[in-house]
Every structure is written in structure tokens, then in C-alpha cells.
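*Asks:* The structure file structure-v4.pdb (PDB, C-alpha atoms) is provided below.
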ATOM      1  CA  TYR A 689       0.328  38.519  -0.400
ATOM      2  CA  LEU A 690       0.829  34.799  -0.869
ATOM      3  CA  GLU A 691       2.659  35.421  -4.142
ATOM      4  CA  LEU A 692       4.906  37.820  -2.222
ATOM      5  CA  GLU A 693       5.398  35.070   0.392
ATOM      6  CA  ASN A 694       3.900  37.241   3.085
ATOM      7  CA  GLY A 695       1.918  34.606   4.948
ATOM      8  CA  GLY A 696       1.119  36.858   7.897
ATOM      9  CA  LYS A 697      -0.666  39.488   5.803
ATOM     10  CA  ALA A 698      -2.374  36.786   3.736
ATOM     11  CA  MET A 699      -3.702  35.193   6.928
ATOM     12  CA  SER A 700      -4.859  38.570   8.240
ATOM     13  CA  SER A 701      -6.763  39.248   5.016
ATOM     14  CA  TYR A 702      -8.474  35.868   5.051
ATOM     15  CA  GLU A 703      -9.427  36.352   8.702
ATOM     16  CA  LYS A 704     -11.034  39.701   7.817
ATOM     17  CA  ALA A 705     -12.893  38.010   4.951
ATOM     18  CA  ALA A 706     -14.110  35.281   7.309
ATOM     19  CA  ALA A 707     -15.345  37.917   9.786
ATOM     20  CA  GLN A 708     -17.281  39.725   7.062
ATOM     21  CA  ALA A 709     -18.750  36.507   5.634
ATOM     22  CA  PRO A 710     -19.297  34.333   8.732
ATOM     23  CA  ASN A 711     -21.378  31.744   6.845
ATOM     24  CA  ASP A 712     -18.870  31.261   4.012
ATOM     25  CA  PRO A 713     -16.410  28.365   4.533
ATOM     26  CA  ILE A 714     -14.035  29.429   1.733
ATOM     27  CA  PRO A 715     -12.089  32.139   3.655
ATOM     28  CA  LEU A 716     -11.608  29.659   6.507
ATOM     29  CA  VAL A 717     -10.268  27.004   4.131
ATOM     30  CA  LYS A 718      -7.951  29.559   2.521
ATOM     31  CA  ALA A 719      -6.688  30.582   5.964
ATOM     32  CA  ALA A 720      -6.250  26.902   6.892
ATOM     33  CA  ARG A 721      -4.032  26.406   3.833
ATOM     34  CA  VAL A 722      -1.872  29.382   4.841
ATOM     35  CA  ALA A 723      -1.524  27.981   8.365
ATOM     36  CA  SER A 724      -0.574  24.573   6.965
ATOM     37  CA  ARG A 725       2.087  26.121   4.728
ATOM     38  CA  GLY A 726       3.503  27.764   7.829
ATOM     39  CA  ARG A 727       3.425  24.405   9.668
ATOM     40  CA  LEU A 728       0.913  25.795  12.138
ATOM     41  CA  TYR A 729      -0.940  22.514  12.050
ATOM     42  CA  SER A 730      -3.136  22.939  15.139
ATOM     43  CA  GLN A 731      -4.397  26.273  13.814
ATOM     44  CA  SER A 732      -4.918  24.799  10.353
ATOM     45  CA  ILE A 733      -6.918  21.863  11.763
ATOM     46  CA  SER A 734      -9.127  24.201  13.779
ATOM     47  CA  LEU A 735      -9.857  26.339  10.719
ATOM     48  CA  TYR A 736     -10.726  23.309   8.570
ATOM     49  CA  GLN A 737     -13.050  22.032  11.284
ATOM     50  CA  LYS A 738     -14.839  25.403  11.450
ATOM     51  CA  ALA A 739     -15.209  25.443   7.667
ATOM     52  CA  LEU A 740     -16.685  21.938   7.651
ATOM     53  CA  LYS A 741     -19.232  22.889  10.302
ATOM     54  CA  LEU A 742     -20.443  25.575   7.906
ATOM     55  CA  ASP A 743     -20.441  23.209   4.920
ATOM     56  CA  PRO A 744     -20.307  19.474   5.747
ATOM     57  CA  LYS A 745     -20.180  18.670   2.008
ATOM     58  CA  PHE A 746     -17.025  20.670   1.272
ATOM     59  CA  ALA A 747     -15.155  17.675  -0.164
ATOM     60  CA  ASP A 748     -11.746  19.274  -0.697
ATOM     61  CA  ALA A 749     -11.647  20.449   2.910
ATOM     62  CA  TYR A 750     -11.897  16.848   4.146
ATOM     63  CA  PHE A 751      -9.018  15.737   1.945
ATOM     64  CA  GLU A 752      -6.822  18.682   2.919
ATOM     65  CA  LEU A 753      -7.654  18.173   6.587
ATOM     66  CA  GLY A 754      -6.550  14.563   6.251
ATOM     67  CA  GLU A 755      -3.231  15.714   4.809
ATOM     68  CA  VAL A 756      -2.725  18.157   7.707
ATOM     69  CA  TYR A 757      -3.433  15.360  10.200
ATOM     70  CA  TYR A 758      -0.732  13.370   8.412
ATOM     71  CA  TYR A 759       1.780  16.238   8.594
ATOM     72  CA  ASP A 760       0.912  16.656  12.279
ATOM     73  CA  LYS A 761       1.563  12.911  12.807
ATOM     74  CA  GLN A 762      -2.024  12.250  13.877
ATOM     75  CA  TYR A 763      -2.021   9.209  11.626
ATOM     76  CA  ASP A 764      -5.096   7.596  13.176
ATOM     77  CA  LYS A 765      -7.268  10.482  11.913
ATOM     78  CA  VAL A 766      -6.058  10.598   8.312
ATOM     79  CA  ALA A 767      -8.094   7.749   6.816
ATOM     80  CA  GLY A 768     -11.372   9.029   8.256
ATOM     81  CA  GLU A 769     -11.040  12.370   6.455
ATOM     82  CA  PHE A 770      -9.933  10.735   3.209
ATOM     83  CA  GLN A 771     -12.951   8.419   3.470
ATOM     84  CA  LYS A 772     -15.339  11.379   3.789
ATOM     85  CA  TYR A 773     -13.743  12.978   0.750
ATOM     86  CA  SER A 774     -13.997   9.785  -1.315
ATOM     87  CA  ASP A 775     -17.655   9.341  -0.355
ATOM     88  CA  LEU A 776     -18.354  12.826  -1.724
ATOM     89  CA  ARG A 777     -16.095  12.434  -4.778
ATOM     90  CA  PRO A 778     -16.460   8.767  -5.767
ATOM     91  CA  GLN A 779     -14.941   9.296  -9.223
ATOM     92  CA  ASP A 780     -11.606  10.590  -7.868
ATOM     93  CA  ASN A 781      -9.522   7.442  -8.231
ATOM     94  CA  GLU A 782      -6.264   9.116  -7.248
ATOM     95  CA  ALA A 783      -7.649  10.042  -3.824
ATOM     96  CA  ARG A 784      -9.275   6.628  -3.420
ATOM     97  CA  SER A 785      -5.940   5.014  -4.243
ATOM     98  CA  LYS A 786      -4.313   6.918  -1.374
ATOM     99  CA  LEU A 787      -7.155   5.905   0.930
ATOM    100  CA  SER A 788      -6.997   2.239  -0.046
ATOM    101  CA  SER A 789      -3.203   2.204   0.324
ATOM    102  CA  LEU A 790      -3.511   3.843   3.735
ATOM    103  CA  TYR A 791      -5.980   1.208   4.929
ATOM    104  CA  PHE A 792      -3.615  -1.518   3.688
ATOM    105  CA  ALA A 793      -0.637   0.064   5.456
ATOM    106  CA  ASN A 794      -2.715   0.121   8.651
ATOM    107  CA  LYS A 795      -3.497  -3.602   8.114
ATOM    108  CA  ASP A 796      -7.193  -2.830   7.719
ATOM    109  CA  TYR A 797      -7.378  -5.209   4.777
ATOM    110  CA  GLU A 798     -11.181  -5.423   4.533
ATOM    111  CA  LYS A 799     -11.500  -1.645   4.091
ATOM    112  CA  ALA A 800      -8.538  -1.594   1.707
ATOM    113  CA  ILE A 801     -10.284  -4.191  -0.472
ATOM    114  CA  THR A 802     -13.614  -2.342  -0.286
ATOM    115  CA  GLU A 803     -12.074   0.904  -1.532
ATOM    116  CA  ALA A 804      -9.966  -0.848  -4.170
ATOM    117  CA  THR A 805     -13.089  -2.590  -5.475
ATOM    118  CA  LYS A 806     -14.810   0.797  -5.854
ATOM    119  CA  GLY A 807     -11.758   2.113  -7.677
ATOM    120  CA  ILE A 808     -11.671  -0.857 -10.050
ATOM    121  CA  ALA A 809     -15.322  -0.164 -10.917
ATOM    122  CA  ASN A 810     -14.158   3.239 -12.198
ATOM    123  CA  ASP A 811     -11.079   1.887 -13.982
ATOM    124  CA  PRO A 812     -10.563  -1.886 -14.419
ATOM    125  CA  ASN A 813      -6.955  -1.319 -15.559
ATOM    126  CA  ASP A 814      -5.798   0.608 -12.499
ATOM    127  CA  PHE A 815      -2.840  -1.516 -11.406
ATOM    128  CA  VAL A 816      -2.634   0.049  -7.932
ATOM    129  CA  PHE A 817      -6.139  -1.141  -7.059
ATOM    130  CA  ARG A 818      -5.447  -4.590  -8.544
ATOM    131  CA  ARG A 819      -2.285  -4.767  -6.443
ATOM    132  CA  ILE A 820      -4.167  -3.926  -3.251
ATOM    133  CA  LEU A 821      -6.830  -6.494  -4.101
ATOM    134  CA  TYR A 822      -4.407  -9.371  -4.443
ATOM    135  CA  TYR A 823      -2.195  -8.295  -1.553
ATOM    136  CA  GLY A 824      -5.222  -7.772   0.709
ATOM    137  CA  ASN A 825      -6.889 -11.054  -0.178
ATOM    138  CA  TYR A 826      -3.641 -12.911   0.469
ATOM    139  CA  GLU A 827      -3.349 -11.318   3.920
ATOM    140  CA  LEU A 828      -6.931 -12.388   4.651
ATOM    141  CA  LYS A 829      -6.122 -15.900   3.354
ATOM    142  CA  ASN A 830      -8.676 -15.577   0.557
ATOM    143  CA  TYR A 831      -6.302 -17.389  -1.776
ATOM    144  CA  ASP A 832      -8.763 -18.005  -4.628
ATOM    145  CA  SER A 833      -9.605 -14.295  -4.869
ATOM    146  CA  ALA A 834      -5.956 -13.361  -4.438
ATOM    147  CA  TYR A 835      -4.960 -15.672  -7.297
ATOM    148  CA  THR A 836      -7.645 -14.246  -9.586
ATOM    149  CA  GLU A 837      -6.686 -10.631  -8.846
ATOM    150  CA  MET A 838      -2.977 -11.444  -9.140
ATOM    151  CA  ASN A 839      -3.438 -12.748 -12.678
ATOM    152  CA  LYS A 840      -5.513  -9.695 -13.617
ATOM    153  CA  PHE A 841      -2.738  -7.467 -12.254
ATOM    154  CA  TRP A 842      -0.074  -9.146 -14.397
ATOM    155  CA  ALA A 843      -2.331  -8.924 -17.459
ATOM    156  CA  ILE A 844      -2.343  -5.102 -17.271
ATOM    157  CA  LYS A 845       0.125  -3.767 -19.849
ATOM    158  CA  ASP A 846       1.020  -0.338 -18.488
ATOM    159  CA  LYS A 847       1.999  -0.874 -14.876
ATOM    160  CA  LYS A 848       4.895  -0.177 -12.555
ATOM    161  CA  VAL A 849       6.176  -3.350 -10.952
ATOM    162  CA  ASN A 850       7.981  -3.501  -7.612
ATOM    163  CA  GLU A 851       9.719  -6.259  -5.672
ATOM    164  CA  LEU A 852       6.720  -6.942  -3.423
ATOM    165  CA  ASP A 853       4.572  -7.682  -6.473
ATOM    166  CA  TYR A 854       6.808 -10.680  -7.172
ATOM    167  CA  VAL A 855       6.925 -11.720  -3.512
ATOM    168  CA  TYR A 856       3.153 -11.700  -2.999
ATOM    169  CA  SER A 857       2.624 -13.387  -6.364
ATOM    170  CA  ALA A 858       5.078 -16.146  -5.475
ATOM    171  CA  ARG A 859       3.326 -16.808  -2.176
ATOM    172  CA  ILE A 860      -0.124 -16.797  -3.763
ATOM    173  CA  ALA A 861       0.923 -19.114  -6.595
ATOM    174  CA  ASN A 862       2.446 -21.473  -4.040
ATOM    175  CA  GLU A 863      -0.771 -21.517  -1.996
ATOM    176  CA  LYS A 864      -2.638 -22.431  -5.188
ATOM    177  CA  SER A 865      -0.110 -25.188  -6.011
ATOM    178  CA  ASP A 866       0.970 -23.317  -9.134
ATOM    179  CA  THR A 867       4.592 -24.298  -8.628
ATOM    180  CA  SER A 868       5.937 -23.128 -11.986
ATOM    181  CA  GLN A 869       4.533 -19.629 -11.487
ATOM    182  CA  ALA A 870       5.738 -19.549  -7.887
ATOM    183  CA  ILE A 871       9.286 -20.404  -8.960
ATOM    184  CA  GLY A 872       9.227 -17.725 -11.662
ATOM    185  CA  PHE A 873       8.023 -15.069  -9.243
ATOM    186  CA  PHE A 874      10.541 -16.040  -6.551
ATOM    187  CA  ASP A 875      13.352 -15.889  -9.130
ATOM    188  CA  ASN A 876      12.271 -12.408 -10.245
ATOM    189  CA  ALA A 877      11.957 -11.179  -6.669
ATOM    190  CA  LEU A 878      15.500 -12.371  -5.904
ATOM    191  CA  LYS A 879      16.832 -10.779  -9.085
ATOM    192  CA  ALA A 880      15.436  -7.505  -7.768
ATOM    193  CA  ASN A 881      17.017  -8.072  -4.344
ATOM    194  CA  GLU A 882      19.665 -10.796  -4.238
ATOM    195  CA  GLY A 883      20.535 -10.010  -0.636
ATOM    196  CA  ASN A 884      17.057 -10.748   0.741
ATOM    197  CA  CYS A 885      18.035 -13.689   2.926
ATOM    198  CA  ASP A 886      14.569 -14.172   4.450
ATOM    199  CA  LEU A 887      13.011 -14.442   1.015
ATOM    200  CA  ARG A 888      15.655 -16.861  -0.240
ATOM    201  CA  ASN A 889      15.060 -18.936   2.872
ATOM    202  CA  GLU A 890      11.321 -18.991   2.141
ATOM    203  CA  TYR A 891      12.014 -19.924  -1.481
ATOM    204  CA  SER A 892      14.334 -22.767  -0.480
ATOM    205  CA  ARG A 893      11.723 -24.278   1.821
ATOM    206  CA  MET A 894       9.049 -23.936  -0.850
ATOM    207  CA  LEU A 895      11.242 -25.823  -3.323
ATOM    208  CA  TYR A 896      11.877 -28.602  -0.805
ATOM    209  CA  GLN A 897       8.182 -28.892   0.063
ATOM    210  CA  ASN A 898       7.352 -29.162  -3.654
ATOM    211  CA  ARG A 899       9.985 -31.903  -4.112
ATOM    212  CA  LYS A 900      12.213 -29.691  -6.270
ATOM    213  CA  TYR A 901      15.248 -31.086  -4.492
ATOM    214  CA  THR A 902      17.953 -30.062  -6.966
ATOM    215  CA  GLU A 903      16.645 -26.494  -7.031
ATOM    216  CA  ALA A 904      16.325 -26.522  -3.229
ATOM    217  CA  VAL A 905      19.975 -27.594  -2.832
ATOM    218  CA  ASN A 906      21.094 -24.800  -5.169
ATOM    219  CA  GLN A 907      19.122 -22.212  -3.216
ATOM    220  CA  TYR A 908      20.419 -23.478   0.139
ATOM    221  CA  LEU A 909      23.975 -23.302  -1.203
ATOM    222  CA  THR A 910      23.345 -19.706  -2.314
ATOM    223  CA  LEU A 911      21.728 -18.912   1.013
ATOM    224  CA  LYS A 912      24.755 -20.299   2.835
ATOM    225  CA  SER A 913      27.112 -18.313   0.616
ATOM    226  CA  LYS A 914      25.296 -14.965   0.554
ATOM    227  CA  CYS A 915      23.991 -14.883   4.106
ATOM    228  CA  GLY A 916      27.109 -15.793   5.998
ATOM    229  CA  GLY A 917      26.177 -19.395   6.571
ATOM    230  CA  LYS A 918      23.453 -18.439   9.040
ATOM    231  CA  LEU A 919      21.022 -21.281   8.478
ATOM    232  CA  SER A 920      18.593 -22.310  11.189
ATOM    233  CA  SER A 921      18.476 -25.892  12.403
ATOM    234  CA  LEU A 922      15.344 -26.424  10.297
ATOM    235  CA  ASP A 923      17.122 -25.041   7.220
ATOM    236  CA  VAL A 924      19.987 -27.442   7.758
ATOM    237  CA  PHE A 925      17.484 -30.275   8.127
ATOM    238  CA  TYR A 926      15.731 -29.415   4.826
ATOM    239  CA  PHE A 927      19.106 -28.928   3.172
ATOM    240  CA  GLY A 928      20.182 -32.400   4.269
ATOM    241  CA  ARG A 929      16.856 -33.984   3.325
ATOM    242  CA  SER A 930      17.145 -32.453  -0.139
ATOM    243  CA  TYR A 931      20.508 -34.146  -0.609
ATOM    244  CA  TYR A 932      19.071 -37.364   0.853
ATOM    245  CA  ASN A 933      16.151 -37.359  -1.597
ATOM    246  CA  LEU A 934      18.597 -36.911  -4.461
ATOM    247  CA  GLY A 935      20.442 -39.992  -3.289
TER     248      GLY A 935
END
Is it possible to give me this structure as C-alpha cells?
*Replies:*
Amino acid sequence: YLELENGGKAMSSYEKAAAQAPNDPIPLVKAARVASRGRLYSQSISLYQKALKLDPKFADAYFELGEVYYYDKQYDKVAGEFQKYSDLRPQDNEARSKLSSLYFANKDYEKAITEATKGIANDPNDFVFRRILYYGNYELKNYDSAYTEMNKFWAIKDKKVNELDYVYSARIANEKSDTSQAIGFFDNALKANEGNCDLRNEYSRMLYQNRKYTEAVNQYLTLKSKCGGKLSSLDVFYFGRSYYNLG
């Protein structure tokens, strides 16, 4: 029936199966999947919950329930179900990656780091977990750990790099007084997004604070040109001081 795209008859058949095997969670999970496909999220959630009462160790049901909560915009319940799944399937790095990323997105950095650390134990070259580790430690102001994980991230050969990787790396390197690395990362971030005025502003101030006055002047000139001349009073002050320090 599902192959024939007849969801109603498929659901009816699974319901009959569930009635004949009341202690078997599988028909309930199958019915929950049909309900989810039909965007009947409340019904799907109820069916998953019934299945999990019958078998609290049905790992896949937790993960799928988490996805249905997401589709139903009950975002606060998603991570809890993913966590239960990951506890039952600790070797599933793909699921743990979603969980860790979800915790990070929710600004629960401690939990994001905990899950990423478990994932790294399974695969030390998983760049997603390394990314979460250095992002998360930066947000928690654990700059030594962030710097260590950042360098391990960049040492991984097969990885997909995004703009935020450069941004976080620049900030971490700056916190560790690694000015040359910070400059390199800021430059790469701005190559990826030349119109990021806030980032260019941050870069300009960093250059001034590290006494790179010529570079600071050049960045302030670019900021003035690309961002419509909208410099704050503090920007203008640093801009002027950079010129002053160059004589």
C-alpha cells in the first residue's frame, strides 16, 4: 500500500497488526512513520510514545520521534530524543553529530562539547566534532582548549571549510596572541564574504590593538569605502590614532 502511495490503507493495516500484536512496538512505529509522511505529527508522536512504552530500548524510535518533534516545531523536545538514541547507539557518529550541532545551536555549549568529545573518541578525524569543540570552547572562554582544537581541526586533510571556521579561528588566535594566524584567518574570512562590515570592523580594531597601524588604516579605508562610510565614533578614533601612530 505504501508503494502504491495509499497511506490510508497502509495505516489501517498497521493498526490491525498493532491490535493483533499489542505487545509488539514495530507496527506502532510503522504506523507512526505513515502518519509523519502525511504530516499528521500529533498522531505520529502519540504512536511513537506508545511504541516506546512497550520497548524503552527501541533506539530508532527515539531518533525518529526527535525528527517528528522538529517537523512539528517542538524544538525544545528534539535534543532529548536524540540524546536517548545516542546513548543506546554510541557508535552512530552521524546521529551524534546532529545532536552535538543541535546543542551548539541552542547555546548549550557544555553538552555540545560533551557529545563532540564522545564522537571524537570514535573518529579523531571527524571535522564536524573538531569544529564544535573549538567553537564551543571559544564561547565558554576556554581559549587554551579552543586553540588546541582549532589547530587539530585545520590539520585534518579531508574537511569542508566554511566562513565561520575562519571567523572563530581568527578570534581564537587573537585571544592567544597569535597575531600572524589571526590576520591570516581574518583575511580568508573576508575573502569569503567581502561585504561583512561587522567582521571587517572587528578585524580593523584587532589590527590597531596589535599595533599593526598600516594594516589597520588600510582596513578602515576599505570599511569606509565598502560600508557606506558608517563608522562609529570609536572606529573614527582608532582610525585617527592609527594615522597618528604612523606619524
*Asks:* Give me the residues near Arg899 (chain A) as a list in words, where near means some atom within 9 Å (using all atoms listed in the file) and where sequence neighbours in that chain fewer than 4 positions away do not count.
*Replies:*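 My reading of the contact set: Met894, Leu895, Ala904, Ser930 and Asn933 of chain A.
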*Asks:* Please produce a file of those selected residues containing C-alpha atoms, as a tab-separated table (two decimals), keeping the file's coordinate frame.
*Replies:*
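Heads up, here's the output in out31.tsv:
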chain	number	residue	atom	x	y	z
A	894	MET	CA	9.05	-23.94	-0.85
A	895	LEU	CA	11.24	-25.82	-3.32
A	904	ALA	CA	16.32	-26.52	-3.23
A	930	SER	CA	17.14	-32.45	-0.14
A	933	ASN	CA	16.15	-37.36	-1.60
*Asks:* Skip region 762-776 of chain A itself and residues of its chain fewer than 3 positions away, then list as a VMD selection string all residues within 12 Å of it, counting only C-alpha atoms.
*Replies:* chain A and resid 729 to 730 733 736 to 737 740 744 to 759 779 to 794 796 799 to 800 802 to 804 806 to 807
*Asks:* Select, from A:Gly883, A:Gly928, A:Gly824, A:Gly935, the residue with the minimum atom-to-atom distance to Thr910 (chain A), counting all atoms listed in the file.
*Replies:* A:Gly883
*Asks:* To verify the selection step, state as a PyMOL selection string which residues the PyMOL selection byres ((chain A and resi 690-692) around 12) yields on this input.
*Replies:* chain A and resi 689+693-702+718-719+721-723+725-726
*Asks:* Rounded to one decimal in Å, what is the spacing between CA of Leu934 (chain A) and CA of Gln897 (chain A)?
*Replies:*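 One can read the CA of Leu934 (chain A) to CA of Gln897 (chain A) distance as 13.9 Å.
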*Asks:* Near Asp923 (chain A), within 8 Å and counting only C-alpha atoms, which residues show up once chain neighbours fewer than 2 positions away are dropped, as a list in words?
*Replies:* Asn889, Arg893, Tyr908, Leu919, Ser920, Ser921, Phe925, Tyr926 and Phe927 of chain A
*Asks:* So that I can see what lies close to Asn711 (chain A), please list as a compact mmCIF listing (two decimals) with C-alpha atoms, in the coordinates of the input the residues with an atom at most 7 Å from it, counting only C-alpha atoms and leaving out residues fewer than 2 positions away in the same chain.
*Replies:*
# COMPACT_ATOMS: atom_id res chain seq x y z
CA ALA A 709 -18.75 36.51 5.63
CA PRO A 713 -16.41 28.36 4.53
CA LEU A 742 -20.44 25.58 7.91
*Asks:* Rank A:Glu882, A:Asp814, A:Glu890, A:Asp760 by their smallest atom-to-atom distance to Ile844 (chain A), using all atoms listed in the file, and report the top residue only.
*Replies:*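 Nearest candidate to Ile844 (chain A) out of A:Glu882, A:Asp814, A:Glu890, A:Asp760: A:Asp814.
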*Asks:* Just say which residues the PyMOL selection byres ((chain A and resi 862-877) around 8) picks in this file, as a PDB file with C-alpha atoms, in the frame of the given file.
*Replies:*
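The result, written out as selection02.pdb:
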ATOM      1  CA  TYR A 831      -6.302 -17.389  -1.776  1.00  0.00           C
ATOM      2  CA  ASP A 832      -8.763 -18.005  -4.628  1.00  0.00           C
ATOM      3  CA  TYR A 835      -4.960 -15.672  -7.297  1.00  0.00           C
ATOM      4  CA  GLU A 851       9.719  -6.259  -5.672  1.00  0.00           C
ATOM      5  CA  LEU A 852       6.720  -6.942  -3.423  1.00  0.00           C
ATOM      6  CA  TYR A 854       6.808 -10.680  -7.172  1.00  0.00           C
ATOM      7  CA  VAL A 855       6.925 -11.720  -3.512  1.00  0.00           C
ATOM      8  CA  SER A 857       2.624 -13.387  -6.364  1.00  0.00           C
ATOM      9  CA  ALA A 858       5.078 -16.146  -5.475  1.00  0.00           C
ATOM     10  CA  ARG A 859       3.326 -16.808  -2.176  1.00  0.00           C
ATOM     11  CA  ILE A 860      -0.124 -16.797  -3.763  1.00  0.00           C
ATOM     12  CA  ALA A 861       0.923 -19.114  -6.595  1.00  0.00           C
ATOM     13  CA  LEU A 878      15.500 -12.371  -5.904  1.00  0.00           C
ATOM     14  CA  LYS A 879      16.832 -10.779  -9.085  1.00  0.00           C
ATOM     15  CA  ALA A 880      15.436  -7.505  -7.768  1.00  0.00           C
ATOM     16  CA  ASN A 881      17.017  -8.072  -4.344  1.00  0.00           C
ATOM     17  CA  TYR A 891      12.014 -19.924  -1.481  1.00  0.00           C
ATOM     18  CA  MET A 894       9.049 -23.936  -0.850  1.00  0.00           C
ATOM     19  CA  ASN A 898       7.352 -29.162  -3.654  1.00  0.00           C
TER      20      ASN A 898
END
*Asks:* May I ask for the distance between CA of Asn850 (chain A) and CA of Asn825 (chain A), given in Å to one decimal place?
*Replies:*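 Computing it gives 18.3 Å between the two atoms.
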*Asks:* Selecting N, CA, C and O atoms, how would region 763-784 of chain A from this structure be written as a compact mmCIF listing (two decimals), in the first residue's frame?
*Replies:*
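Dumped to part-v1.txt:
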# COMPACT_ATOMS: atom_id res chain seq x y z
N TYR A 763 10.78 22.37 19.08
CA TYR A 763 12.23 22.29 19.04
C TYR A 763 12.85 21.94 20.39
O TYR A 763 13.93 21.33 20.45
N ASP A 764 12.18 22.33 21.48
CA ASP A 764 12.74 22.08 22.80
C ASP A 764 12.76 20.59 23.17
O ASP A 764 13.44 20.20 24.12
N LYS A 765 12.04 19.77 22.41
CA LYS A 765 11.97 18.34 22.71
C LYS A 765 12.87 17.48 21.83
O LYS A 765 13.02 16.28 22.07
N VAL A 766 13.46 18.10 20.81
CA VAL A 766 14.23 17.33 19.83
C VAL A 766 15.49 16.73 20.44
O VAL A 766 15.76 15.53 20.32
N ALA A 767 16.28 17.56 21.11
CA ALA A 767 17.58 17.11 21.63
C ALA A 767 17.43 15.96 22.61
O ALA A 767 18.25 15.03 22.63
N GLY A 768 16.39 15.99 23.44
CA GLY A 768 16.19 14.93 24.42
C GLY A 768 16.03 13.57 23.78
O GLY A 768 16.58 12.56 24.26
N GLU A 769 15.29 13.50 22.66
CA GLU A 769 15.09 12.23 21.97
C GLU A 769 16.36 11.79 21.26
O GLU A 769 16.72 10.60 21.26
N PHE A 770 17.06 12.74 20.65
CA PHE A 770 18.33 12.41 20.00
C PHE A 770 19.34 11.90 21.03
O PHE A 770 20.13 10.99 20.75
N GLN A 771 19.32 12.49 22.22
CA GLN A 771 20.23 12.07 23.29
C GLN A 771 19.96 10.62 23.69
O GLN A 771 20.89 9.83 23.86
N LYS A 772 18.68 10.27 23.83
CA LYS A 772 18.33 8.88 24.18
C LYS A 772 18.80 7.91 23.11
O LYS A 772 19.28 6.82 23.42
N TYR A 773 18.64 8.31 21.86
CA TYR A 773 19.10 7.47 20.76
C TYR A 773 20.62 7.28 20.84
O TYR A 773 21.13 6.16 20.74
N SER A 774 21.35 8.38 21.00
CA SER A 774 22.81 8.31 21.03
C SER A 774 23.32 7.50 22.21
O SER A 774 24.36 6.82 22.10
N ASP A 775 22.62 7.54 23.33
CA ASP A 775 23.02 6.74 24.49
C ASP A 775 22.88 5.25 24.19
O ASP A 775 23.67 4.43 24.68
N LEU A 776 21.89 4.90 23.36
CA LEU A 776 21.67 3.50 23.00
C LEU A 776 22.53 3.06 21.82
O LEU A 776 22.84 1.88 21.68
N ARG A 777 22.91 4.03 20.97
CA ARG A 777 23.74 3.73 19.80
C ARG A 777 24.98 4.62 19.81
O ARG A 777 25.12 5.52 18.98
N PRO A 778 25.88 4.39 20.74
CA PRO A 778 27.03 5.30 20.90
C PRO A 778 27.99 5.34 19.72
O PRO A 778 28.78 6.27 19.60
N GLN A 779 27.94 4.34 18.84
CA GLN A 779 28.86 4.31 17.71
C GLN A 779 28.32 5.07 16.49
O GLN A 779 29.04 5.21 15.49
N ASP A 780 27.08 5.54 16.55
CA ASP A 780 26.49 6.25 15.42
C ASP A 780 26.93 7.71 15.44
O ASP A 780 26.28 8.57 16.03
N ASN A 781 28.03 7.99 14.78
CA ASN A 781 28.60 9.34 14.80
C ASN A 781 27.75 10.35 14.03
O ASN A 781 27.74 11.53 14.38
N GLU A 782 27.06 9.89 13.00
CA GLU A 782 26.24 10.82 12.23
C GLU A 782 25.11 11.39 13.10
O GLU A 782 24.86 12.60 13.08
N ALA A 783 24.47 10.52 13.88
CA ALA A 783 23.40 10.98 14.77
C ALA A 783 23.98 11.85 15.88
O ALA A 783 23.40 12.88 16.25
N ARG A 784 25.14 11.46 16.42
CA ARG A 784 25.74 12.25 17.48
C ARG A 784 26.16 13.63 16.96
O ARG A 784 26.10 14.62 17.70
